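Note: the block below is upload37.csv and it holds CSV, C-alpha atoms.
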```csv
chain,number,residue,atom,x,y,z
K,294,MET,CA,-69.6,-120.1,127.4
K,295,SER,CA,-72.5,-122.4,128.0
K,296,ILE,CA,-73.6,-124.6,125.2
K,297,HIS,CA,-76.8,-126.5,125.8
K,298,PRO,CA,-75.9,-130.1,127.0
K,299,ALA,CA,-78.0,-131.6,124.2
K,300,LEU,CA,-75.6,-130.1,121.7
K,301,THR,CA,-72.9,-132.4,122.8
K,302,ARG,CA,-74.9,-135.6,122.2
K,303,PRO,CA,-74.0,-137.2,118.9
K,304,GLY,CA,-77.0,-138.2,116.8
K,305,GLY,CA,-80.3,-139.5,118.2
K,306,ARG,CA,-83.8,-137.9,118.3
K,307,SER,CA,-82.9,-135.0,120.5
K,308,SER,CA,-80.0,-134.1,118.2
K,309,ARG,CA,-82.3,-134.2,115.2
K,310,VAL,CA,-84.8,-131.9,117.0
K,311,LEU,CA,-82.1,-129.6,118.0
K,312,ASN,CA,-80.8,-129.4,114.4
K,313,ALA,CA,-84.3,-128.5,113.2
K,314,ILE,CA,-84.6,-125.8,115.8
K,315,TYR,CA,-81.2,-124.3,115.0
K,316,ALA,CA,-81.9,-124.5,111.3
K,317,SER,CA,-85.2,-122.7,111.8
K,318,VAL,CA,-83.7,-120.0,113.8
K,319,GLY,CA,-81.0,-119.6,111.2
K,320,GLU,CA,-83.6,-119.4,108.4
K,321,LEU,CA,-85.8,-116.9,110.2
K,322,VAL,CA,-82.8,-114.6,111.1
K,323,GLY,CA,-81.5,-115.0,107.5
K,324,GLU,CA,-84.9,-113.9,106.1
K,325,GLY,CA,-84.9,-110.9,108.4
K,326,ALA,CA,-88.0,-112.0,110.1
K,327,ASP,CA,-89.5,-109.2,112.2
K,328,LYS,CA,-90.7,-111.2,115.1
K,329,ILE,CA,-88.8,-114.4,116.1
K,330,THR,CA,-90.9,-116.0,118.9
K,331,PHE,CA,-91.0,-119.5,120.3
K,332,PRO,CA,-94.3,-120.3,118.4
K,333,VAL,CA,-92.8,-119.0,115.1
K,334,ILE,CA,-89.7,-121.1,115.6
K,335,ALA,CA,-91.7,-124.2,116.6
K,336,GLU,CA,-93.9,-123.9,113.6
K,337,ARG,CA,-90.9,-123.7,111.2
K,338,ALA,CA,-89.2,-126.6,112.9
K,339,GLY,CA,-92.3,-128.7,113.0
K,340,ILE,CA,-92.2,-129.2,116.7
K,341,ASN,CA,-94.3,-128.4,119.7
K,342,PRO,CA,-93.6,-124.9,121.2
K,343,THR,CA,-93.5,-126.4,124.7
K,344,THR,CA,-90.2,-128.1,123.7
K,345,LEU,CA,-88.7,-124.7,123.4
K,346,TYR,CA,-90.2,-123.2,126.5
K,347,ARG,CA,-88.9,-126.2,128.5
K,348,ARG,CA,-85.3,-125.9,127.3
K,349,TRP,CA,-84.7,-122.2,127.0
K,350,GLY,CA,-85.6,-119.3,129.3
K,351,ASP,CA,-86.4,-117.0,126.5
K,352,VAL,CA,-85.8,-116.4,122.8
K,353,ALA,CA,-82.8,-114.3,123.4
K,354,GLU,CA,-81.1,-117.2,125.0
K,355,LEU,CA,-81.8,-119.6,122.1
K,356,LEU,CA,-80.7,-117.0,119.5
K,357,GLU,CA,-77.4,-116.6,121.3
K,358,GLU,CA,-76.9,-120.3,121.6
K,359,VAL,CA,-77.4,-120.7,117.9
K,360,ALA,CA,-75.0,-117.8,117.1
K,361,VAL,CA,-72.3,-119.3,119.3
K,362,ALA,CA,-72.8,-122.7,117.9
K,363,ALA,CA,-72.4,-121.2,114.4
K,364,LEU,CA,-69.2,-119.6,115.5
K,365,THR,CA,-68.0,-122.9,116.9
K,366,ARG,CA,-68.9,-124.7,113.7
K,367,GLU,CA,-66.6,-122.3,111.8
K,368,GLY,CA,-63.8,-123.7,114.0
K,369,GLU,CA,-62.9,-120.3,115.4
K,370,SER,CA,-60.3,-120.4,118.1
K,371,ALA,CA,-57.8,-117.9,119.4
K,372,PRO,CA,-54.8,-117.4,117.1
K,373,ASP,CA,-51.5,-118.6,118.5
K,374,THR,CA,-48.8,-116.9,116.4
K,375,GLY,CA,-46.1,-116.4,119.1
K,376,SER,CA,-46.7,-112.8,120.1
K,377,LEU,CA,-49.8,-111.0,121.5
K,378,ALA,CA,-49.6,-108.2,118.9
K,379,SER,CA,-49.9,-110.6,116.0
K,380,ASP,CA,-52.4,-112.8,117.8
K,381,LEU,CA,-54.7,-109.8,118.4
K,382,GLY,CA,-54.2,-108.5,114.9
K,383,GLU,CA,-55.2,-111.9,113.4
K,384,TRP,CA,-58.1,-112.3,115.8
K,385,ALA,CA,-59.5,-108.8,115.2
K,386,THR,CA,-59.2,-109.4,111.4
K,387,ILE,CA,-61.1,-112.7,111.6
K,388,ILE,CA,-63.8,-111.1,113.8
K,389,VAL,CA,-64.3,-108.2,111.5
K,390,ARG,CA,-64.6,-110.4,108.5
K,391,ASP,CA,-67.1,-112.7,110.4
K,392,ILE,CA,-69.4,-110.1,111.9
K,393,THR,CA,-69.6,-107.9,108.7
K,394,ARG,CA,-71.1,-110.9,106.8
K,395,PRO,CA,-74.8,-109.9,106.2
K,396,GLU,CA,-76.1,-113.1,107.9
K,397,ARG,CA,-74.0,-112.6,110.9
K,398,THR,CA,-74.9,-108.9,111.1
K,399,ARG,CA,-78.6,-109.8,111.0
K,400,TYR,CA,-78.0,-112.4,113.8
K,401,LEU,CA,-76.4,-109.8,116.0
K,402,ARG,CA,-79.2,-107.2,115.4
K,403,ALA,CA,-81.8,-109.8,116.0
K,404,MET,CA,-80.1,-110.7,119.3
K,405,VAL,CA,-79.9,-107.1,120.4
K,406,ALA,CA,-83.6,-106.5,119.5
K,407,THR,CA,-84.7,-109.3,121.8
K,408,ARG,CA,-82.7,-108.2,124.8
K,409,SER,CA,-84.1,-106.7,127.9
K,410,GLY,CA,-82.9,-106.1,131.4
K,411,ILE,CA,-79.3,-106.9,132.2
K,412,LEU,CA,-77.9,-110.3,131.1
K,413,THR,CA,-75.5,-112.1,133.5
K,414,HIS,CA,-74.2,-114.1,130.6
K,415,CYS,CA,-73.9,-113.1,127.0
K,416,ALA,CA,-72.8,-116.1,125.0
K,417,VAL,CA,-71.1,-113.9,122.4
K,418,THR,CA,-69.1,-111.9,124.9
K,419,ASP,CA,-68.3,-114.9,127.0
K,420,ALA,CA,-66.8,-116.7,123.9
K,421,ARG,CA,-64.7,-113.6,123.1
K,422,ARG,CA,-63.6,-113.3,126.7
K,423,GLU,CA,-62.4,-116.9,126.7
K,424,GLN,CA,-60.4,-116.4,123.6
K,425,ALA,CA,-58.9,-113.1,124.9
K,426,SER,CA,-58.0,-114.8,128.2
K,427,GLU,CA,-56.2,-117.6,126.3
K,428,MET,CA,-54.1,-115.2,124.3
K,429,VAL,CA,-53.3,-113.0,127.3
K,430,ARG,CA,-52.3,-116.1,129.4
K,431,ARG,CA,-49.9,-117.3,126.7
K,432,ALA,CA,-48.4,-113.9,126.3
K,433,ALA,CA,-47.9,-113.6,130.1
K,434,ASP,CA,-46.2,-117.0,130.0
K,435,ARG,CA,-43.8,-115.7,127.4
K,436,GLY,CA,-43.1,-112.7,129.7
K,437,GLU,CA,-44.9,-110.1,127.5
K,438,THR,CA,-46.5,-107.1,129.1
K,439,THR,CA,-50.2,-107.4,128.3
K,440,PRO,CA,-53.4,-105.3,128.5
K,441,THR,CA,-56.1,-106.8,130.7
K,442,VAL,CA,-58.7,-109.1,129.2
K,443,GLN,CA,-61.4,-106.5,130.0
K,444,GLN,CA,-59.3,-103.9,128.1
K,445,ILE,CA,-59.3,-106.2,125.1
K,446,LEU,CA,-63.0,-106.6,125.2
K,447,ASP,CA,-63.7,-102.9,125.8
K,448,HIS,CA,-61.3,-101.6,123.1
K,449,ILE,CA,-61.3,-104.3,120.4
K,450,ILE,CA,-64.5,-106.3,120.7
K,451,ALA,CA,-66.9,-103.5,121.7
K,452,PRO,CA,-66.0,-101.1,118.9
K,453,LEU,CA,-66.1,-103.8,116.3
K,454,TYR,CA,-69.6,-105.0,117.4
K,455,TYR,CA,-70.7,-101.4,118.0
K,456,HIS,CA,-69.9,-100.4,114.4
K,457,VAL,CA,-71.6,-103.5,113.0
K,458,VAL,CA,-74.9,-103.3,114.9
K,459,PHE,CA,-75.2,-99.6,114.4
K,460,ALA,CA,-74.4,-100.1,110.7
K,461,LEU,CA,-71.3,-97.9,110.7
K,462,GLN,CA,-68.4,-98.6,108.3
K,463,VAL,CA,-65.7,-100.8,109.8
K,464,ASP,CA,-62.9,-102.8,108.1
K,465,GLU,CA,-59.6,-104.6,108.7
K,466,ASP,CA,-57.6,-101.4,108.9
K,467,HIS,CA,-59.8,-100.1,111.6
K,468,ALA,CA,-59.6,-103.4,113.5
K,469,ARG,CA,-55.8,-103.2,113.3
K,470,ARG,CA,-55.8,-99.6,114.7
K,471,LEU,CA,-57.9,-100.8,117.6
K,472,VAL,CA,-55.3,-103.5,118.3
K,473,ASP,CA,-52.5,-100.9,118.2
K,474,ASP,CA,-54.5,-98.7,120.6
K,475,VAL,CA,-54.9,-101.6,123.1
K,476,LEU,CA,-51.2,-102.5,122.9
K,477,THR,CA,-50.4,-98.9,123.8
K,478,MET,CA,-52.3,-99.3,127.0
K,479,ALA,CA,-50.1,-102.2,128.0
K,480,ARG,CA,-46.8,-100.3,127.6
R,160,MET,CA,-75.6,-83.6,113.3
R,161,SER,CA,-78.5,-82.9,111.0
R,162,ILE,CA,-81.8,-82.0,112.6
R,163,HIS,CA,-84.7,-81.8,110.2
R,164,PRO,CA,-85.2,-78.1,109.2
R,165,ALA,CA,-88.9,-78.2,110.3
R,166,LEU,CA,-87.6,-78.7,113.8
R,167,THR,CA,-86.3,-75.2,114.0
R,168,ARG,CA,-89.6,-73.6,113.1
R,169,PRO,CA,-91.3,-72.2,116.1
R,170,GLY,CA,-95.1,-73.0,116.2
R,171,GLY,CA,-97.4,-73.4,113.2
R,172,ARG,CA,-99.0,-76.4,111.7
R,173,SER,CA,-95.9,-78.2,110.6
R,174,SER,CA,-94.4,-77.9,114.1
R,175,ARG,CA,-97.6,-79.4,115.5
R,176,VAL,CA,-97.5,-82.3,113.0
R,177,LEU,CA,-93.8,-82.8,113.8
R,178,ASN,CA,-94.6,-82.9,117.6
R,179,ALA,CA,-97.3,-85.5,117.0
R,180,ILE,CA,-94.9,-87.6,114.9
R,181,TYR,CA,-92.1,-87.4,117.6
R,182,ALA,CA,-94.6,-88.1,120.4
R,183,SER,CA,-95.9,-91.2,118.5
R,184,VAL,CA,-92.4,-92.5,117.9
R,185,GLY,CA,-91.6,-92.0,121.5
R,186,GLU,CA,-94.7,-93.8,122.7
R,187,LEU,CA,-94.2,-96.7,120.3
R,188,VAL,CA,-90.6,-97.1,121.4
R,189,GLY,CA,-91.6,-96.7,125.0
R,190,GLU,CA,-94.2,-99.4,124.7
R,191,GLY,CA,-91.6,-101.7,123.2
R,192,ALA,CA,-93.6,-102.0,119.9
R,193,ASP,CA,-92.3,-104.9,117.8
R,194,LYS,CA,-92.6,-103.3,114.5
R,195,ILE,CA,-92.3,-99.5,114.1
R,196,THR,CA,-93.2,-98.7,110.5
R,197,PHE,CA,-94.3,-95.5,108.8
R,198,PRO,CA,-98.0,-96.7,108.6
R,199,VAL,CA,-97.9,-97.5,112.4
R,200,ILE,CA,-96.5,-94.2,113.3
R,201,ALA,CA,-98.9,-92.3,111.0
R,202,GLU,CA,-101.9,-94.0,112.5
R,203,ARG,CA,-100.8,-93.2,116.0
R,204,ALA,CA,-100.0,-89.6,115.1
R,205,GLY,CA,-103.3,-89.2,113.2
R,206,ILE,CA,-101.6,-88.2,109.9
R,207,ASN,CA,-101.3,-89.5,106.4
R,208,PRO,CA,-98.3,-91.9,106.0
R,209,THR,CA,-97.3,-90.0,102.8
R,210,THR,CA,-96.2,-87.2,105.1
R,211,LEU,CA,-93.6,-89.5,106.6
R,212,TYR,CA,-92.5,-91.0,103.3
R,213,ARG,CA,-92.0,-87.5,101.9
R,214,ARG,CA,-89.8,-86.3,104.7
R,215,TRP,CA,-87.7,-89.2,105.8
R,216,GLY,CA,-85.9,-91.8,103.7
R,217,ASP,CA,-86.7,-94.6,106.1
R,218,VAL,CA,-87.9,-95.3,109.6
R,219,ALA,CA,-84.3,-95.6,110.9
R,220,GLU,CA,-83.7,-92.0,109.9
R,221,LEU,CA,-86.8,-90.8,111.7
R,222,LEU,CA,-86.0,-92.8,114.8
R,223,GLU,CA,-82.6,-91.3,115.0
R,224,GLU,CA,-83.8,-87.8,114.5
R,225,VAL,CA,-86.2,-88.3,117.4
R,226,ALA,CA,-83.5,-89.8,119.6
R,227,VAL,CA,-81.1,-86.9,118.8
R,228,ALA,CA,-83.9,-84.3,119.4
R,229,ALA,CA,-84.5,-86.0,122.8
R,230,LEU,CA,-80.8,-85.6,123.6
R,231,THR,CA,-80.9,-82.0,122.6
R,232,ARG,CA,-83.9,-81.3,124.7
R,233,GLU,CA,-82.0,-82.5,127.7
R,234,GLY,CA,-79.5,-79.7,127.0
R,235,GLU,CA,-76.6,-82.0,126.7
R,236,SER,CA,-73.4,-80.3,125.6
R,237,ALA,CA,-69.7,-81.2,126.0
R,238,PRO,CA,-68.5,-80.4,129.5
R,239,ASP,CA,-65.9,-77.6,129.8
R,240,THR,CA,-64.1,-78.1,133.1
R,241,GLY,CA,-60.6,-76.9,132.2
R,242,SER,CA,-58.9,-80.3,131.5
R,243,LEU,CA,-59.5,-83.0,129.0
R,244,ALA,CA,-59.3,-85.7,131.7
R,245,SER,CA,-62.1,-84.2,133.7
R,246,ASP,CA,-64.1,-83.2,130.7
R,247,LEU,CA,-64.1,-86.8,129.4
R,248,GLY,CA,-64.8,-88.2,132.9
R,249,GLU,CA,-67.9,-86.0,133.3
R,250,TRP,CA,-69.0,-86.6,129.7
R,251,ALA,CA,-68.7,-90.4,130.0
R,252,THR,CA,-70.6,-90.3,133.3
R,253,ILE,CA,-73.5,-88.2,131.8
R,254,ILE,CA,-73.6,-90.6,128.8
R,255,VAL,CA,-73.7,-93.8,130.9
R,256,ARG,CA,-76.5,-92.3,133.1
R,257,ASP,CA,-78.4,-91.3,130.0
R,258,ILE,CA,-78.2,-94.5,127.9
R,259,THR,CA,-78.9,-96.9,130.8
R,260,ARG,CA,-82.3,-95.3,131.4
R,261,PRO,CA,-84.8,-97.9,130.2
R,262,GLU,CA,-86.5,-95.5,127.7
R,263,ARG,CA,-83.1,-94.6,126.1
R,264,THR,CA,-82.0,-98.2,126.0
R,265,ARG,CA,-85.2,-99.1,124.2
R,266,TYR,CA,-84.6,-96.3,121.7
R,267,LEU,CA,-81.1,-97.5,121.0
R,268,ARG,CA,-82.3,-101.1,120.5
R,269,ALA,CA,-85.2,-100.0,118.3
R,270,MET,CA,-82.7,-98.0,116.2
R,271,VAL,CA,-80.4,-100.9,115.8
R,272,ALA,CA,-83.2,-103.3,114.9
R,273,THR,CA,-84.2,-101.1,112.0
R,274,ARG,CA,-80.8,-100.7,110.5
R,275,SER,CA,-79.6,-102.3,107.3
R,276,GLY,CA,-76.7,-101.7,105.0
R,277,ILE,CA,-74.0,-99.2,106.0
R,278,LEU,CA,-75.1,-95.7,107.1
R,279,THR,CA,-73.1,-92.7,106.0
R,280,HIS,CA,-74.5,-90.7,108.9
R,281,CYS,CA,-75.6,-92.0,112.3
R,282,ALA,CA,-77.1,-89.1,114.2
R,283,VAL,CA,-76.1,-90.5,117.5
R,284,THR,CA,-72.5,-91.0,116.6
R,285,ASP,CA,-72.4,-87.7,114.8
R,286,ALA,CA,-73.6,-85.9,117.9
R,287,ARG,CA,-71.0,-87.6,120.0
R,288,ARG,CA,-68.2,-86.9,117.5
R,289,GLU,CA,-69.1,-83.2,117.6
R,290,GLN,CA,-68.9,-83.1,121.4
R,291,ALA,CA,-65.6,-85.1,121.3
R,292,SER,CA,-64.1,-82.7,118.7
R,293,GLU,CA,-65.0,-79.7,120.8
R,294,MET,CA,-63.3,-81.1,123.9
R,295,VAL,CA,-60.2,-82.2,122.0
R,296,ARG,CA,-60.0,-78.8,120.3
R,297,ARG,CA,-60.2,-76.9,123.6
R,298,ALA,CA,-57.6,-79.3,125.2
R,299,ALA,CA,-55.2,-78.8,122.2
R,300,ASP,CA,-55.6,-75.0,122.6
R,301,ARG,CA,-54.5,-75.3,126.2
R,302,GLY,CA,-51.5,-77.3,125.0
R,303,GLU,CA,-52.6,-80.7,126.3
R,304,THR,CA,-51.6,-83.9,124.5
R,305,THR,CA,-54.8,-85.5,123.4
R,306,PRO,CA,-56.1,-88.8,122.0
R,307,THR,CA,-57.7,-88.5,118.6
R,308,VAL,CA,-61.5,-87.9,118.2
R,309,GLN,CA,-61.7,-91.4,116.6
R,310,GLN,CA,-60.0,-92.9,119.6
R,311,ILE,CA,-62.5,-91.2,122.0
R,312,LEU,CA,-65.4,-92.6,119.9
R,313,ASP,CA,-63.8,-96.1,119.6
R,314,HIS,CA,-62.7,-96.5,123.2
R,315,ILE,CA,-65.3,-94.6,125.3
R,316,ILE,CA,-68.5,-94.2,123.2
R,317,ALA,CA,-68.4,-97.7,121.5
R,318,PRO,CA,-67.9,-99.7,124.7
R,319,LEU,CA,-70.6,-97.8,126.5
R,320,TYR,CA,-73.2,-98.3,123.7
R,321,TYR,CA,-72.1,-101.8,123.1
R,322,HIS,CA,-72.8,-102.7,126.8
R,323,VAL,CA,-76.1,-101.1,126.7
R,324,VAL,CA,-77.5,-102.5,123.5
R,325,PHE,CA,-76.2,-106.0,124.3
R,326,ALA,CA,-77.7,-105.7,127.8
R,327,LEU,CA,-74.4,-106.1,129.6
R,328,GLN,CA,-73.7,-104.5,133.0
R,329,VAL,CA,-72.1,-101.0,132.7
R,330,ASP,CA,-71.8,-98.2,135.3
R,331,GLU,CA,-70.0,-95.0,136.1
R,332,ASP,CA,-66.8,-96.8,137.4
R,333,HIS,CA,-66.6,-98.7,134.1
R,334,ALA,CA,-67.0,-95.4,132.2
R,335,ARG,CA,-64.2,-93.8,134.2
R,336,ARG,CA,-61.9,-96.8,133.5
R,337,LEU,CA,-62.6,-96.3,129.8
R,338,VAL,CA,-61.6,-92.6,130.1
R,339,ASP,CA,-58.4,-93.6,131.9
R,340,ASP,CA,-57.6,-96.1,129.1
R,341,VAL,CA,-58.0,-93.5,126.4
R,342,LEU,CA,-55.9,-90.9,128.2
R,343,THR,CA,-53.1,-93.6,128.4
R,344,MET,CA,-53.1,-93.6,124.6
R,345,ALA,CA,-52.4,-89.9,124.4
R,346,ARG,CA,-49.3,-90.1,126.6
```

Output the structure of this file as structure tokens.
Amino acid sequence: MSIHPALTRPGGRSSRVLNAIYASVGELVGEGADKITFPVIAERAGINPTTLYRRWGDVAELLEEVAVAALTREGESAPDTGSLASDLGEWATIIVRDITRPERTRYLRAMVATRSGILTHCAVTDARREQASEMVRRAADRGETTPTVQQILDHIIAPLYYHVVFALQVDEDHARRLVDDVLTMAR
Amino acid sequence: MSIHPALTRPGGRSSRVLNAIYASVGELVGEGADKITFPVIAERAGINPTTLYRRWGDVAELLEEVAVAALTREGESAPDTGSLASDLGEWATIIVRDITRPERTRYLRAMVATRSGILTHCAVTDARREQASEMVRRAADRGETTPTVQQILDHIIAPLYYHVVFALQVDEDHARRLVDDVLTMAR
């Protein structure tokens, strides 16, 4: 997970500019804007578009950074309940609640719509991979048999996000069934 | 899977109109058009927009119908190789080849971008569900232990489409690992 270095600076001009950029992206996504481009974001944030071109390779990168920062602000971290089964159950429940919120769903769709080619880093997936690795590591330390991190991403994260971006019904029961399925693979 | 009734009529005016609509949608998606609306499609197809409003509830519905029709034209049906393991392996391979083609990926992203609310029917998922049901039914008839159709959708279809729409690397080896994972659930 790579957060732009400027994010870590407390206060100051660059932090104010960054907040304006993030807020503008959030507003545009929230309004369901059809075309979120650097000039459109710059206009909303009251800054020069070159500031954006200089800092981010493309809009997709900025959108993701904002989405990940929003996640982080919500203080989401991997649950630590004492067993992988209940960690994954809690985690999947938190995720399904999060990504089915209309604003979050719009973020995800806006992100997908701006993608092209193959990304080497997807901030959303990277963040989920890190959380999954942490839970698997702790479970292995306790001597539990675990699925692989990739299996957790493929069989819990992917179906949840798939349902949300494709506008298919998904709920906490479904999330728990996915967790049960993945745990079966570890046995 | 619901194909518009007009699709089944051979020749005639309505068939020509429908072909023009489909071709226009295909072109617009292929060009990576930012905003695919009924008026934009109608202009390209040289028809009155009311024709579109009358036949389809919204653009998402039309886009899906076109995508499903394109699938059907390619003559894709569920493999029948004599065992569920090899049926699923072949199926997953065909799907990964299909959805990683740039035109198909663009279709899927365009579809996602136009979604809102919760769909009761997603033509893409419905088509995959039908194929999965067919393979599971045949396997059950042969006395094989099978995963459920929902497990096949959640653990093979969802991760493949997730990777493609989110622009993450996916290939035939990955598809085969997903099949192995699902088969583990059935044991």

Chain K residues near chain R within 10 Å, closest pair each, using all atoms listed in the file, as a tab-separated table:
```
residue	atom	partner	partner_atom	distance
K:Asp327	CA	R:Lys194	CA	7.1
K:Lys328	CA	R:Asp193	CA	7.0
K:Pro395	CA	R:Gly276	CA	8.5
K:Thr398	CA	R:Ser275	CA	8.9
K:Arg399	CA	R:Ser275	CA	8.4
K:Leu401	CA	R:Phe325	CA	9.1
K:Arg402	CA	R:Ala272	CA	5.6
K:Ala403	CA	R:Ala272	CA	6.7
K:Met404	CA	R:Phe325	CA	7.9
K:Val405	CA	R:Phe325	CA	5.5
K:Ala406	CA	R:Ala272	CA	5.6
K:Thr407	CA	R:Arg268	CA	8.6
K:Arg408	CA	R:Ala326	CA	6.3
K:Ser409	CA	R:Ala326	CA	6.5
K:Gly410	CA	R:Ala326	CA	6.3
K:Ile411	CA	R:Ala326	CA	4.8
K:Leu412	CA	R:Ala326	CA	5.7
K:Thr413	CA	R:Leu327	CA	7.2
K:His414	CA	R:Leu327	CA	8.1
K:Cys415	CA	R:Leu327	CA	7.5
K:Val417	CA	R:Phe325	CA	9.6
K:Thr418	CA	R:Leu327	CA	9.2
K:Gln444	CA	R:Asp340	CA	8.0
K:Leu446	CA	R:Pro318	CA	8.5
K:Asp447	CA	R:Pro318	CA	5.4
K:His448	CA	R:His314	CA	5.3
K:Ile449	CA	R:His314	CA	8.4
K:Ile450	CA	R:Pro318	CA	8.4
K:Ala451	CA	R:Pro318	CA	4.9
K:Pro452	CA	R:Ala317	CA	4.9
K:Leu453	CA	R:Ala317	CA	8.3
K:Tyr454	CA	R:Tyr321	CA	7.0
K:Tyr455	CA	R:Tyr321	CA	5.3
K:His456	CA	R:Ala317	CA	7.7
K:Val457	CA	R:Ile277	CA	8.6
K:Val458	CA	R:Val271	CA	6.1
K:Phe459	CA	R:Val271	CA	5.5
K:Ala460	CA	R:Ile277	CA	4.8
K:Leu461	CA	R:Ile277	CA	5.6
K:Gln462	CA	R:Ile277	CA	6.1
K:Val463	CA	R:Ile277	CA	9.3
K:His467	CA	R:Asp313	CA	9.8
K:Arg470	CA	R:Gln310	CA	9.3
K:Leu471	CA	R:Asp313	CA	7.8
K:Asp473	CA	R:Met344	CA	9.7
K:Asp474	CA	R:Met344	CA	6.6
K:Val475	CA	R:Met344	CA	8.3
K:Leu476	CA	R:Met344	CA	9.3
K:Thr477	CA	R:Met344	CA	6.0
K:Met478	CA	R:Thr343	CA	5.9
K:Ala479	CA	R:Thr343	CA	9.1
K:Arg480	CA	R:Thr343	CA	9.2
```

Can you write out the residues you just picked, keeping C-alpha atoms, as a PDB file, keeping the file's coordinate frame?
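Below you can see selection.pdb, which holds the result:
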```
ATOM      1  CA  ASP K 327     -89.500-109.200 112.200  1.00  0.00           C
ATOM      2  CA  LYS K 328     -90.700-111.200 115.100  1.00  0.00           C
ATOM      3  CA  PRO K 395     -74.800-109.900 106.200  1.00  0.00           C
ATOM      4  CA  THR K 398     -74.900-108.900 111.100  1.00  0.00           C
ATOM      5  CA  ARG K 399     -78.600-109.800 111.000  1.00  0.00           C
ATOM      6  CA  LEU K 401     -76.400-109.800 116.000  1.00  0.00           C
ATOM      7  CA  ARG K 402     -79.200-107.200 115.400  1.00  0.00           C
ATOM      8  CA  ALA K 403     -81.800-109.800 116.000  1.00  0.00           C
ATOM      9  CA  MET K 404     -80.100-110.700 119.300  1.00  0.00           C
ATOM     10  CA  VAL K 405     -79.900-107.100 120.400  1.00  0.00           C
ATOM     11  CA  ALA K 406     -83.600-106.500 119.500  1.00  0.00           C
ATOM     12  CA  THR K 407     -84.700-109.300 121.800  1.00  0.00           C
ATOM     13  CA  ARG K 408     -82.700-108.200 124.800  1.00  0.00           C
ATOM     14  CA  SER K 409     -84.100-106.700 127.900  1.00  0.00           C
ATOM     15  CA  GLY K 410     -82.900-106.100 131.400  1.00  0.00           C
ATOM     16  CA  ILE K 411     -79.300-106.900 132.200  1.00  0.00           C
ATOM     17  CA  LEU K 412     -77.900-110.300 131.100  1.00  0.00           C
ATOM     18  CA  THR K 413     -75.500-112.100 133.500  1.00  0.00           C
ATOM     19  CA  HIS K 414     -74.200-114.100 130.600  1.00  0.00           C
ATOM     20  CA  CYS K 415     -73.900-113.100 127.000  1.00  0.00           C
ATOM     21  CA  VAL K 417     -71.100-113.900 122.400  1.00  0.00           C
ATOM     22  CA  THR K 418     -69.100-111.900 124.900  1.00  0.00           C
ATOM     23  CA  GLN K 444     -59.300-103.900 128.100  1.00  0.00           C
ATOM     24  CA  LEU K 446     -63.000-106.600 125.200  1.00  0.00           C
ATOM     25  CA  ASP K 447     -63.700-102.900 125.800  1.00  0.00           C
ATOM     26  CA  HIS K 448     -61.300-101.600 123.100  1.00  0.00           C
ATOM     27  CA  ILE K 449     -61.300-104.300 120.400  1.00  0.00           C
ATOM     28  CA  ILE K 450     -64.500-106.300 120.700  1.00  0.00           C
ATOM     29  CA  ALA K 451     -66.900-103.500 121.700  1.00  0.00           C
ATOM     30  CA  PRO K 452     -66.000-101.100 118.900  1.00  0.00           C
ATOM     31  CA  LEU K 453     -66.100-103.800 116.300  1.00  0.00           C
ATOM     32  CA  TYR K 454     -69.600-105.000 117.400  1.00  0.00           C
ATOM     33  CA  TYR K 455     -70.700-101.400 118.000  1.00  0.00           C
ATOM     34  CA  HIS K 456     -69.900-100.400 114.400  1.00  0.00           C
ATOM     35  CA  VAL K 457     -71.600-103.500 113.000  1.00  0.00           C
ATOM     36  CA  VAL K 458     -74.900-103.300 114.900  1.00  0.00           C
ATOM     37  CA  PHE K 459     -75.200 -99.600 114.400  1.00  0.00           C
ATOM     38  CA  ALA K 460     -74.400-100.100 110.700  1.00  0.00           C
ATOM     39  CA  LEU K 461     -71.300 -97.900 110.700  1.00  0.00           C
ATOM     40  CA  GLN K 462     -68.400 -98.600 108.300  1.00  0.00           C
ATOM     41  CA  VAL K 463     -65.700-100.800 109.800  1.00  0.00           C
ATOM     42  CA  HIS K 467     -59.800-100.100 111.600  1.00  0.00           C
ATOM     43  CA  ARG K 470     -55.800 -99.600 114.700  1.00  0.00           C
ATOM     44  CA  LEU K 471     -57.900-100.800 117.600  1.00  0.00           C
ATOM     45  CA  ASP K 473     -52.500-100.900 118.200  1.00  0.00           C
ATOM     46  CA  ASP K 474     -54.500 -98.700 120.600  1.00  0.00           C
ATOM     47  CA  VAL K 475     -54.900-101.600 123.100  1.00  0.00           C
ATOM     48  CA  LEU K 476     -51.200-102.500 122.900  1.00  0.00           C
ATOM     49  CA  THR K 477     -50.400 -98.900 123.800  1.00  0.00           C
ATOM     50  CA  MET K 478     -52.300 -99.300 127.000  1.00  0.00           C
ATOM     51  CA  ALA K 479     -50.100-102.200 128.000  1.00  0.00           C
ATOM     52  CA  ARG K 480     -46.800-100.300 127.600  1.00  0.00           C
TER      53      ARG K 480
END
```

Query raised in the report: Which neighbours of Ser426 (chain K) fall inside 12 Å, counting only C-alpha atoms, when residues of the same chain fewer than 6 positions from it are skipped, and could you give them as a count of residues only?
Result: 19

Query - Glu396 (chain K) surroundings by only C-alpha atoms, 10 Å radius, close-in-sequence under 6 positions cut, as a PyMOL selection string - result: chain K and resi 319-320+322-325

**Report entry** Who sits within 10 Å of Ile314 (chain K), all atoms listed in the file, same chain under 5 positions skipped, as an MDAnalysis selection string
**Finding:** chainID K and resid 308:309 319:320 334:340 344:345 355 359

Report task. Kindly give the distance, in Å, that separates CA of Arg469 (chain K) and CA of Glu423 (chain K), rounded to a single decimal. Result -> 20.3 Å

Query raised in the report: CA of Glu223 (chain R) and CA of Tyr400 (chain K) are how many Å apart?
Result: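 Straight-line distance from CA of Glu223 (chain R) to CA of Tyr400 (chain K) works out to 21.6 Å.
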